[in-house]
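Reproduced below: target-v3.txt, with compact mmCIF, N, CA and C atoms.
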```
# COMPACT_ATOMS: atom_id res chain seq x y z
N LEU A 1 20.49 -22.78 8.41
CA LEU A 1 20.24 -24.19 8.63
C LEU A 1 21.14 -25.04 7.73
N SER A 2 21.35 -24.58 6.49
CA SER A 2 22.22 -25.35 5.60
C SER A 2 23.66 -25.37 6.12
N HIS A 3 24.09 -24.29 6.77
CA HIS A 3 25.44 -24.23 7.33
C HIS A 3 25.59 -25.23 8.48
N VAL A 4 24.60 -25.32 9.34
CA VAL A 4 24.65 -26.25 10.47
C VAL A 4 24.77 -27.69 9.99
N HIS A 5 24.02 -28.03 8.93
CA HIS A 5 24.02 -29.41 8.42
C HIS A 5 25.02 -29.63 7.30
N LYS A 6 25.82 -28.59 7.01
CA LYS A 6 26.84 -28.66 5.96
C LYS A 6 26.26 -29.12 4.63
N VAL A 7 25.15 -28.47 4.24
CA VAL A 7 24.47 -28.76 2.99
C VAL A 7 24.69 -27.58 2.03
N LYS A 8 25.06 -27.89 0.80
CA LYS A 8 25.28 -26.86 -0.21
C LYS A 8 23.95 -26.27 -0.63
N LEU A 9 23.84 -24.95 -0.58
CA LEU A 9 22.61 -24.26 -0.92
C LEU A 9 22.96 -23.16 -1.91
N GLY A 10 22.18 -23.04 -2.97
CA GLY A 10 22.45 -22.02 -3.97
C GLY A 10 21.21 -21.29 -4.39
N GLN A 11 21.39 -20.05 -4.77
CA GLN A 11 20.29 -19.23 -5.30
C GLN A 11 20.84 -18.52 -6.53
N PHE A 12 20.11 -18.61 -7.63
CA PHE A 12 20.59 -18.06 -8.89
C PHE A 12 19.51 -17.25 -9.56
N GLU A 13 19.91 -16.28 -10.35
CA GLU A 13 19.01 -15.54 -11.22
C GLU A 13 19.53 -15.70 -12.63
N ARG A 14 18.68 -16.18 -13.51
CA ARG A 14 19.06 -16.40 -14.90
C ARG A 14 17.97 -15.85 -15.81
N GLU A 15 18.34 -15.55 -17.04
CA GLU A 15 17.37 -15.15 -18.06
C GLU A 15 17.35 -16.23 -19.13
N GLY A 16 16.20 -16.42 -19.74
CA GLY A 16 16.07 -17.41 -20.79
C GLY A 16 14.89 -18.32 -20.52
N LYS A 17 14.92 -19.48 -21.12
CA LYS A 17 13.86 -20.47 -20.92
C LYS A 17 14.05 -21.10 -19.54
N PRO A 18 13.05 -20.97 -18.66
CA PRO A 18 13.22 -21.43 -17.27
C PRO A 18 13.64 -22.89 -17.15
N VAL A 19 12.99 -23.77 -17.87
CA VAL A 19 13.29 -25.20 -17.74
C VAL A 19 14.72 -25.48 -18.18
N HIS A 20 15.12 -24.93 -19.30
CA HIS A 20 16.47 -25.14 -19.83
C HIS A 20 17.53 -24.62 -18.86
N GLU A 21 17.34 -23.43 -18.34
CA GLU A 21 18.31 -22.82 -17.43
C GLU A 21 18.42 -23.59 -16.12
N VAL A 22 17.31 -24.01 -15.56
CA VAL A 22 17.35 -24.72 -14.28
C VAL A 22 17.94 -26.12 -14.45
N VAL A 23 17.59 -26.81 -15.52
CA VAL A 23 18.15 -28.15 -15.76
C VAL A 23 19.66 -28.06 -15.93
N ALA A 24 20.15 -27.01 -16.57
CA ALA A 24 21.59 -26.84 -16.75
C ALA A 24 22.30 -26.66 -15.40
N LEU A 25 21.66 -25.99 -14.46
CA LEU A 25 22.25 -25.79 -13.14
C LEU A 25 22.09 -27.00 -12.22
N ALA A 26 21.11 -27.83 -12.47
CA ALA A 26 20.73 -28.90 -11.55
C ALA A 26 21.72 -30.05 -11.48
N THR A 27 22.67 -30.12 -12.37
CA THR A 27 23.60 -31.25 -12.38
C THR A 27 24.46 -31.30 -11.12
N ASP A 28 24.63 -30.17 -10.43
CA ASP A 28 25.46 -30.13 -9.23
C ASP A 28 24.68 -30.31 -7.93
N TYR A 29 23.37 -30.57 -8.03
CA TYR A 29 22.53 -30.60 -6.84
C TYR A 29 21.76 -31.92 -6.73
N ASP A 30 21.31 -32.23 -5.52
CA ASP A 30 20.52 -33.44 -5.27
C ASP A 30 19.03 -33.15 -5.23
N LEU A 31 18.66 -31.88 -4.96
CA LEU A 31 17.25 -31.52 -4.81
C LEU A 31 17.03 -30.10 -5.28
N LEU A 32 15.98 -29.91 -6.10
CA LEU A 32 15.53 -28.58 -6.48
C LEU A 32 14.25 -28.29 -5.72
N VAL A 33 14.18 -27.12 -5.10
CA VAL A 33 12.97 -26.71 -4.39
C VAL A 33 12.41 -25.50 -5.13
N LEU A 34 11.18 -25.65 -5.62
CA LEU A 34 10.55 -24.59 -6.41
C LEU A 34 9.30 -24.10 -5.71
N GLY A 35 9.07 -22.82 -5.73
CA GLY A 35 7.84 -22.25 -5.21
C GLY A 35 6.85 -22.06 -6.34
N SER A 36 5.58 -22.28 -6.08
CA SER A 36 4.55 -22.13 -7.10
C SER A 36 3.26 -21.61 -6.47
N THR A 37 2.62 -20.68 -7.17
CA THR A 37 1.32 -20.19 -6.72
C THR A 37 0.21 -20.68 -7.64
N ARG A 38 0.58 -21.39 -8.68
CA ARG A 38 -0.40 -21.88 -9.65
C ARG A 38 -1.04 -23.17 -9.13
N ARG A 39 -2.36 -23.18 -9.07
CA ARG A 39 -3.06 -24.36 -8.55
C ARG A 39 -3.73 -25.17 -9.65
N GLU A 40 -4.11 -24.53 -10.73
CA GLU A 40 -4.76 -25.24 -11.83
C GLU A 40 -3.78 -25.40 -12.98
N VAL A 41 -3.77 -26.58 -13.55
CA VAL A 41 -2.91 -26.84 -14.69
C VAL A 41 -3.79 -27.19 -15.86
N GLY A 42 -3.72 -26.38 -16.90
CA GLY A 42 -4.52 -26.63 -18.08
C GLY A 42 -3.85 -27.64 -18.99
N LEU A 43 -4.63 -28.21 -19.88
CA LEU A 43 -4.11 -29.22 -20.81
C LEU A 43 -3.04 -28.64 -21.73
N PHE A 44 -3.23 -27.40 -22.16
CA PHE A 44 -2.31 -26.80 -23.12
C PHE A 44 -1.29 -25.86 -22.49
N SER A 45 -1.26 -25.76 -21.18
CA SER A 45 -0.28 -24.89 -20.52
C SER A 45 0.33 -25.61 -19.33
N PRO A 46 1.25 -26.54 -19.58
CA PRO A 46 1.86 -27.29 -18.48
C PRO A 46 2.67 -26.38 -17.56
N HIS A 47 2.75 -26.75 -16.34
CA HIS A 47 3.44 -26.02 -15.30
C HIS A 47 4.96 -26.24 -15.44
N VAL A 48 5.76 -25.21 -15.17
CA VAL A 48 7.21 -25.32 -15.25
C VAL A 48 7.71 -26.42 -14.32
N GLY A 49 7.11 -26.53 -13.14
CA GLY A 49 7.51 -27.59 -12.20
C GLY A 49 7.32 -28.98 -12.76
N GLU A 50 6.29 -29.18 -13.56
CA GLU A 50 6.06 -30.49 -14.18
C GLU A 50 7.17 -30.82 -15.17
N HIS A 51 7.55 -29.84 -15.98
CA HIS A 51 8.64 -30.06 -16.93
C HIS A 51 9.95 -30.35 -16.20
N LEU A 52 10.21 -29.62 -15.13
CA LEU A 52 11.44 -29.84 -14.37
C LEU A 52 11.45 -31.22 -13.72
N ALA A 53 10.31 -31.65 -13.21
CA ALA A 53 10.23 -32.97 -12.59
C ALA A 53 10.58 -34.07 -13.59
N ARG A 54 10.24 -33.86 -14.85
CA ARG A 54 10.54 -34.85 -15.89
C ARG A 54 11.98 -34.77 -16.40
N LYS A 55 12.52 -33.54 -16.51
CA LYS A 55 13.80 -33.35 -17.18
C LYS A 55 15.00 -33.17 -16.25
N ALA A 56 14.79 -32.81 -15.01
CA ALA A 56 15.91 -32.52 -14.11
C ALA A 56 16.65 -33.81 -13.75
N PRO A 57 17.97 -33.71 -13.60
CA PRO A 57 18.76 -34.89 -13.24
C PRO A 57 18.76 -35.17 -11.75
N CYS A 58 17.91 -34.48 -11.00
CA CYS A 58 17.84 -34.69 -9.55
C CYS A 58 16.36 -34.62 -9.12
N SER A 59 16.10 -34.79 -7.84
CA SER A 59 14.74 -34.73 -7.32
C SER A 59 14.22 -33.28 -7.35
N VAL A 60 12.91 -33.14 -7.51
CA VAL A 60 12.28 -31.81 -7.57
C VAL A 60 11.14 -31.77 -6.56
N LEU A 61 11.13 -30.75 -5.72
CA LEU A 61 10.06 -30.52 -4.76
C LEU A 61 9.38 -29.21 -5.12
N VAL A 62 8.08 -29.26 -5.45
CA VAL A 62 7.32 -28.07 -5.78
C VAL A 62 6.46 -27.71 -4.57
N VAL A 63 6.70 -26.54 -4.02
CA VAL A 63 5.98 -26.07 -2.83
C VAL A 63 4.90 -25.09 -3.30
N THR A 64 3.65 -25.41 -3.01
CA THR A 64 2.56 -24.51 -3.40
C THR A 64 2.09 -23.73 -2.18
N GLY A 65 1.52 -22.59 -2.45
CA GLY A 65 1.09 -21.80 -1.30
C GLY A 65 -0.02 -20.85 -1.59
```
Could you write out this structure as structure tokens?
Amino acid sequence: LSHVHKVKLGQFEREGKPVHEVVALATDYDLLVLGSTRREVGLFSPHVGEHLARKAPCSVLVVTG
């Protein structure tokens, strides 16, 4: 589908702190799409998607399932 619409799509595997690694890659993209199975967010354990939504230089879409 990305080829038909001529949209750049990337998939990466990195080691390290998830938020730091994804934010470093996000400068070249307009949208980050993240999958999440976590439904409850505790006060002392914020979700990675929440951190990315605040720190990423582009839009973030968190898909739960």
Write out as an mmCIF file with N, CA and C atoms, in the frame of the given file all residues of chain A that backbone DSSP assigns to helix (DSSP H, G or I).
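Once everything was written out, this is out.cif:
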```cif
data_model
loop_
_atom_site.group_PDB
_atom_site.id
_atom_site.type_symbol
_atom_site.label_atom_id
_atom_site.label_comp_id
_atom_site.auth_asym_id
_atom_site.auth_seq_id
_atom_site.Cartn_x
_atom_site.Cartn_y
_atom_site.Cartn_z
ATOM 1 N N PRO A 18 13.050 -20.970 -18.660
ATOM 2 C CA PRO A 18 13.220 -21.430 -17.270
ATOM 3 C C PRO A 18 13.640 -22.890 -17.150
ATOM 4 N N VAL A 19 12.990 -23.770 -17.870
ATOM 5 C CA VAL A 19 13.290 -25.200 -17.740
ATOM 6 C C VAL A 19 14.720 -25.480 -18.180
ATOM 7 N N HIS A 20 15.120 -24.930 -19.300
ATOM 8 C CA HIS A 20 16.470 -25.140 -19.830
ATOM 9 C C HIS A 20 17.530 -24.620 -18.860
ATOM 10 N N GLU A 21 17.340 -23.430 -18.340
ATOM 11 C CA GLU A 21 18.310 -22.820 -17.430
ATOM 12 C C GLU A 21 18.420 -23.590 -16.120
ATOM 13 N N VAL A 22 17.310 -24.010 -15.560
ATOM 14 C CA VAL A 22 17.350 -24.720 -14.280
ATOM 15 C C VAL A 22 17.940 -26.120 -14.450
ATOM 16 N N VAL A 23 17.590 -26.810 -15.520
ATOM 17 C CA VAL A 23 18.150 -28.150 -15.760
ATOM 18 C C VAL A 23 19.660 -28.060 -15.930
ATOM 19 N N ALA A 24 20.150 -27.010 -16.570
ATOM 20 C CA ALA A 24 21.590 -26.840 -16.750
ATOM 21 C C ALA A 24 22.300 -26.660 -15.400
ATOM 22 N N LEU A 25 21.660 -25.990 -14.460
ATOM 23 C CA LEU A 25 22.250 -25.790 -13.140
ATOM 24 C C LEU A 25 22.090 -27.000 -12.220
ATOM 25 N N ALA A 26 21.110 -27.830 -12.470
ATOM 26 C CA ALA A 26 20.730 -28.900 -11.550
ATOM 27 C C ALA A 26 21.720 -30.050 -11.480
ATOM 28 N N THR A 27 22.670 -30.120 -12.370
ATOM 29 C CA THR A 27 23.600 -31.250 -12.380
ATOM 30 C C THR A 27 24.460 -31.300 -11.120
ATOM 31 N N ASP A 28 24.630 -30.170 -10.430
ATOM 32 C CA ASP A 28 25.460 -30.130 -9.230
ATOM 33 C C ASP A 28 24.680 -30.310 -7.930
ATOM 34 N N VAL A 48 5.760 -25.210 -15.170
ATOM 35 C CA VAL A 48 7.210 -25.320 -15.250
ATOM 36 C C VAL A 48 7.710 -26.420 -14.320
ATOM 37 N N GLY A 49 7.110 -26.530 -13.140
ATOM 38 C CA GLY A 49 7.510 -27.590 -12.200
ATOM 39 C C GLY A 49 7.320 -28.980 -12.760
ATOM 40 N N GLU A 50 6.290 -29.180 -13.560
ATOM 41 C CA GLU A 50 6.060 -30.490 -14.180
ATOM 42 C C GLU A 50 7.170 -30.820 -15.170
ATOM 43 N N HIS A 51 7.550 -29.840 -15.980
ATOM 44 C CA HIS A 51 8.640 -30.060 -16.930
ATOM 45 C C HIS A 51 9.950 -30.350 -16.200
ATOM 46 N N LEU A 52 10.210 -29.620 -15.130
ATOM 47 C CA LEU A 52 11.440 -29.840 -14.370
ATOM 48 C C LEU A 52 11.450 -31.220 -13.720
ATOM 49 N N ALA A 53 10.310 -31.650 -13.210
ATOM 50 C CA ALA A 53 10.230 -32.970 -12.590
ATOM 51 C C ALA A 53 10.580 -34.070 -13.590
ATOM 52 N N ARG A 54 10.240 -33.860 -14.850
ATOM 53 C CA ARG A 54 10.540 -34.850 -15.890
ATOM 54 C C ARG A 54 11.980 -34.770 -16.400
ATOM 55 N N LYS A 55 12.520 -33.540 -16.510
ATOM 56 C CA LYS A 55 13.800 -33.350 -17.180
ATOM 57 C C LYS A 55 15.000 -33.170 -16.250
#
```
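We find atom C of Glu50 (chain A) and atom C of Leu31 (chain A) to be spaced 14.0 Å apart.
With all atoms listed in the file as the atoms that count, the minimum distance from Ser36 (chain A) to the choices A:Gln11, A:Pro18, A:Thr64, A:Lys55 is reached by A:Thr64.
As for atom N of Thr27 (chain A) and atom C of Glu13 (chain A), they are spaced 14.8 Å apart.
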If we count only N, CA and C atoms and set the cut-off at 8 Å, which residues sit around Val23 (chain A), ignoring sequence neighbours fewer than 6 positions away in its own chain? Please answer as an mmCIF file with N, CA and C atoms, in the frame of the given file.
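Final output, out.cif:
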```cif
data_model
loop_
_atom_site.group_PDB
_atom_site.id
_atom_site.type_symbol
_atom_site.label_atom_id
_atom_site.label_comp_id
_atom_site.auth_asym_id
_atom_site.auth_seq_id
_atom_site.Cartn_x
_atom_site.Cartn_y
_atom_site.Cartn_z
ATOM 1 N N LYS A 17 14.920 -19.480 -21.120
ATOM 2 C CA LYS A 17 13.860 -20.470 -20.920
ATOM 3 C C LYS A 17 14.050 -21.100 -19.540
ATOM 4 N N LEU A 52 10.210 -29.620 -15.130
ATOM 5 C CA LEU A 52 11.440 -29.840 -14.370
ATOM 6 C C LEU A 52 11.450 -31.220 -13.720
ATOM 7 N N LYS A 55 12.520 -33.540 -16.510
ATOM 8 C CA LYS A 55 13.800 -33.350 -17.180
ATOM 9 C C LYS A 55 15.000 -33.170 -16.250
ATOM 10 N N ALA A 56 14.790 -32.810 -15.010
ATOM 11 C CA ALA A 56 15.910 -32.520 -14.110
ATOM 12 C C ALA A 56 16.650 -33.810 -13.750
ATOM 13 N N PRO A 57 17.970 -33.710 -13.600
ATOM 14 C CA PRO A 57 18.760 -34.890 -13.240
ATOM 15 C C PRO A 57 18.760 -35.170 -11.750
ATOM 16 N N CYS A 58 17.910 -34.480 -11.000
ATOM 17 C CA CYS A 58 17.840 -34.690 -9.550
ATOM 18 C C CYS A 58 16.360 -34.620 -9.120
#
```
Would you list the contacts of Ala53 (chain A) as a short mmCIF file (atom, residue, chain, number, x, y, z; two decimals) with N, CA and C atoms, in the coordinates of the input, taking every protein, DNA or RNA residue within 10 Å and counting only C-alpha atoms, but skipping same-chain residues closer than 5 positions in sequence?
```cif
data_model
loop_
_atom_site.label_atom_id
_atom_site.label_comp_id
_atom_site.auth_asym_id
_atom_site.auth_seq_id
_atom_site.Cartn_x
_atom_site.Cartn_y
_atom_site.Cartn_z
N VAL A 19 12.99 -23.77 -17.87
CA VAL A 19 13.29 -25.20 -17.74
C VAL A 19 14.72 -25.48 -18.18
N VAL A 23 17.59 -26.81 -15.52
CA VAL A 23 18.15 -28.15 -15.76
C VAL A 23 19.66 -28.06 -15.93
N LEU A 32 15.98 -29.91 -6.10
CA LEU A 32 15.53 -28.58 -6.48
C LEU A 32 14.25 -28.29 -5.72
N VAL A 48 5.76 -25.21 -15.17
CA VAL A 48 7.21 -25.32 -15.25
C VAL A 48 7.71 -26.42 -14.32
N CYS A 58 17.91 -34.48 -11.00
CA CYS A 58 17.84 -34.69 -9.55
C CYS A 58 16.36 -34.62 -9.12
N SER A 59 16.10 -34.79 -7.84
CA SER A 59 14.74 -34.73 -7.32
C SER A 59 14.22 -33.28 -7.35
N VAL A 60 12.91 -33.14 -7.51
CA VAL A 60 12.28 -31.81 -7.57
C VAL A 60 11.14 -31.77 -6.56
N LEU A 61 11.13 -30.75 -5.72
CA LEU A 61 10.06 -30.52 -4.76
C LEU A 61 9.38 -29.21 -5.12
N VAL A 62 8.08 -29.26 -5.45
CA VAL A 62 7.32 -28.07 -5.78
C VAL A 62 6.46 -27.71 -4.57
#
```
Note to self: Taking the DSSP secondary structure from the backbone, can you list the residues of chain A that are strand (DSSP E), as a PyMOL selection string?
What the structure shows: chain A and resi 31-36+59-64
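Across the structure, atom C of Leu1 (chain A) and CA of His47 (chain A) are spaced 29.1 Å apart.
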